[in-house]
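**Student:** First, the structure itself, so that you have it in front of you.
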Amino acid sequence: ESLTSAGQEPEERALEAAMRPKNLDEFVGQPRVRQQLSLVLEASKLRGRVADHVLLSGPPGLGKTTLAMIVASEMQAPLRISSGPAIQNAGDLAAILSSLTEGEVLFLDEIHRLSRPAEEMLYLAMEDFRVDIVVGKGAGATAIPLELPPFTLVGATTRAGLLPAPLRDRFGFTGHLEFYSQDELELVLRRSAVMLDLTVTQAGFAQIASRSRGTPRIANRLLRRVRDWALVHGQHTIDAKAAGAALDMYEVDAKGLDRLDRAVLTALCQKFGGGPVGLSTLAIAVGEEAETVEEVAEPFLVREGLLGRTPRGRVATAASWRHLGLAAPDGAPG
Ligand code: ADP
């Protein structure tokens with residue numbers, strides 16, 4: 001099981017839910033998004049209207065779902081959760097939209113993966129709070145307009161650029177989530193440690209944070225793995241050494257690279273001699289969809305200076321070779 005993905009086990013999921021910040025004040029980091037979102041919500045409360053539609057973009061695990069939940073709770077509105085891939089056709093979306101209550105917040109994860117007809121239905125729903133239900137086929141088909149109660153759409157996507165402009169333009173506010181700093185991750189971990197009733201030294205927090213891939217979800221998962229390790233080893237206080245030993249055992253490396261990150265880096269260096277290699281070729285080499293490599297693995301690798309994106313393709317850097325413990329070939333870029 002990947003440390004990056006949300007846990008499948010009910011206990012893990014329950015813990016993840018418990019660790020979610022409940023309001024904007026508890027939400028760590030992302031100062032700009034937090035401030036702007038707070039303004040949007042305050043203003044709509046003062047006007048007595050539903051909040052503008054909100055688009056959140058950024059890699060997985062950075063807090064998009066959490067923010068959608070916060071929008072609902074700050075607006076004291078119910079929340080409905082669905083996702084682009086879960087909505088097979090426009091009819092599925094119509095069913096969701098027509099059952100919304102006034103002021104409800106609809107969270108659509110992976111909104112860039114909605115089908116075309118569903119996306120077009122969403123335009124009208126977002127703008128006019130209306131959908132056209134098409135009845136019949138061919139020449140006899142008629143569109144029956146259906147009024148919707150005003151609602152707030154919170155859309156999430158790994159990258160805002162994946163959305164067609166007409167959809168992007170219908171959001172009143174777009175927030176881009178960045179990877180978290182070391183300090184911010186330590187703060188996330190401190191909150192979670194209190195909830196898990198763990199004693200962790202400052203150096204222990206620092207060790208876990210530095211391997212968390214800039215991602216709160218991963219920080220929390222690593223903390224739970226370290227907790228398991230400490231329990232089995234009868235270690236009451238988690239210090240840097242304990243945290244390091246535990247994380248080594250789970251094969252989280254010093255930079256926090258996960259299985260996919262390492263696979264991409266290894267393929268780039270060993271199969272393609274450091275590139276340049278095209279995204280789709282690289283994706284095939286690691287057995288993943290191009291989109292997953294581009295949206296999930298690459299942003300962190302690029303931020304860490306471990307991968308370069310050039311017009312001719314992906315290239316290794318001096319740091320990539322070093323990280324894998326390999327000698328860069330003569331004339332390698334970077
Ligand atoms: P996304 O929807 O972007 O994939 P989530 O909102 O599901 O990410 O966040 C994953 C987990 O990370 C949550 O359960 C929450 O505990 C934690 N988390 C995310 N962002 C923050 C934050 N800013 N502060 C504290 N915890 C956070």
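In the structure tokens, chains take the letters A, B, ... in the order shown, each chain's residues start at 1, and ligands count up from 1 in the order shown.
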If the limit is 9 Å from any atom of ligand 1, counting only C-alpha atoms and all ligand atoms, which residues qualify? Return them as number ranges by chain.

**Tutor:** A: 5-6, 13, 15-21, 24, 26-30, 56-69, 109, 156-158, 177, 180, 184-185, 187-189, 191-192, 215-221

**Student:** Run DSSP on the backbone of this structure and report the residues of range 190-319 of chain A it assigns to helix (DSSP H, G or I), as a VMD selection string.

**Tutor:** chain A and resid 190 to 196 202 to 210 216 to 232 240 to 249 259 to 271 279 to 286 290 to 303 318 to 319

**Student:** Among the residues of range 284-332 of chain A, find those DSSP assigns to strand (DSSP E) from the backbone and print them as a PyMOL selection string.

**Tutor:** chain A and resi 308-310+313-315

**Student:** The selected residues should be written to file as a compact mmCIF listing (two decimals), in the first residue's frame (atoms: C-alpha atoms).

**Tutor:**
# COMPACT_ATOMS: atom_id res chain seq x y z
CA GLY A 308 13.66 19.09 -14.87
CA ARG A 309 10.89 19.75 -17.39
CA THR A 310 12.23 21.00 -20.71
CA GLY A 313 11.23 16.21 -22.33
CA ARG A 314 12.04 15.30 -18.76
CA VAL A 315 15.68 15.43 -17.68

**Student:** Report, in Å to a single decimal, how far apart CA of Leu257 in chain A and CA of Arg213 in chain A are.

**Tutor:**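 One can read the CA of Arg213 in chain A to CA of Leu257 in chain A distance as 6.6 Å.
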
**Student:** Enter the distance from CA of Leu37 in chain A to CA of Leu93 in chain A, in Å, rounded to one decimal.

**Tutor:**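 These two atoms are separated by 25.9 Å.
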
**Student:** Could you state the separation of CA of Phe129 in chain A and CA of Gly48 in chain A in Å, given to one decimal place?

**Tutor:**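 Taking CA of Phe129 in chain A as the start and CA of Gly48 in chain A as the end point, the length is 16.9 Å.
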
**Student:** Which residues come within 7 Å of range 228-240 of chain A, counting only C-alpha atoms, excluding same-chain residues fewer than 3 positions away, as a PyMOL selection string?

**Tutor:** chain A and resi 199-201+203-204+207+224-225+243-244+246

**Student:** Could you pull the residues within 8 Å of range 285-292 of chain A, counting only C-alpha atoms, minus those fewer than 6 positions along the same chain, as a short mmCIF file (atom, residue, chain, number, x, y, z; two decimals) with N, CA and C atoms, in the first residue's frame?

**Tutor:**
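Output below, filename selection16.cif:
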data_model
loop_
_atom_site.label_atom_id
_atom_site.label_comp_id
_atom_site.auth_asym_id
_atom_site.auth_seq_id
_atom_site.Cartn_x
_atom_site.Cartn_y
_atom_site.Cartn_z
N LEU A 260 6.42 5.70 -6.17
CA LEU A 260 6.27 6.24 -7.52
C LEU A 260 7.36 7.26 -7.85
N ALA A 263 10.44 5.37 -8.60
CA ALA A 263 10.34 4.65 -9.86
C ALA A 263 10.57 5.61 -11.03
N VAL A 264 9.99 6.79 -10.96
CA VAL A 264 10.14 7.78 -12.03
C VAL A 264 11.61 8.18 -12.16
N ALA A 267 13.78 5.23 -13.48
CA ALA A 267 13.58 5.02 -14.92
C ALA A 267 14.28 6.12 -15.71
N LEU A 279 7.08 12.64 -21.58
CA LEU A 279 6.26 12.25 -20.44
C LEU A 279 5.61 10.89 -20.64
#

**Student:** Applying 12 Å and only C-alpha atoms, which residues near Ala160 in chain A remain after dropping the ones on its own chain fewer than 6 positions away? List them as a list of chain:residue names.

**Tutor:**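 Residues near the query, excluding close chain neighbours: A:Val54, A:Leu55, A:Leu56, A:Ser57, A:Gly58, A:Pro59, A:Glu110, A:Ile111, A:His112, A:Leu167, A:Arg168, A:Asp169, A:Phe171, A:Phe173, A:Thr174, A:Gly175, A:His176, A:Leu177, A:Glu295.
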
**Student:** Can you work out which one of A:Leu306, A:Ala86, A:Ala242, A:Leu41 has the shortest atom-to-atom distance to Ile70 in chain A, counting only C-alpha atoms?

**Tutor:**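 The answer is A:Leu41, which sits nearest to Ile70 in chain A.
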
**Student:** Select, from A:Ser280, A:Gln76, A:Ser181, A:Ser212, the residue with the minimum atom-to-atom distance to Asp258 in chain A, counting only C-alpha atoms.

**Tutor:** A:Ser212
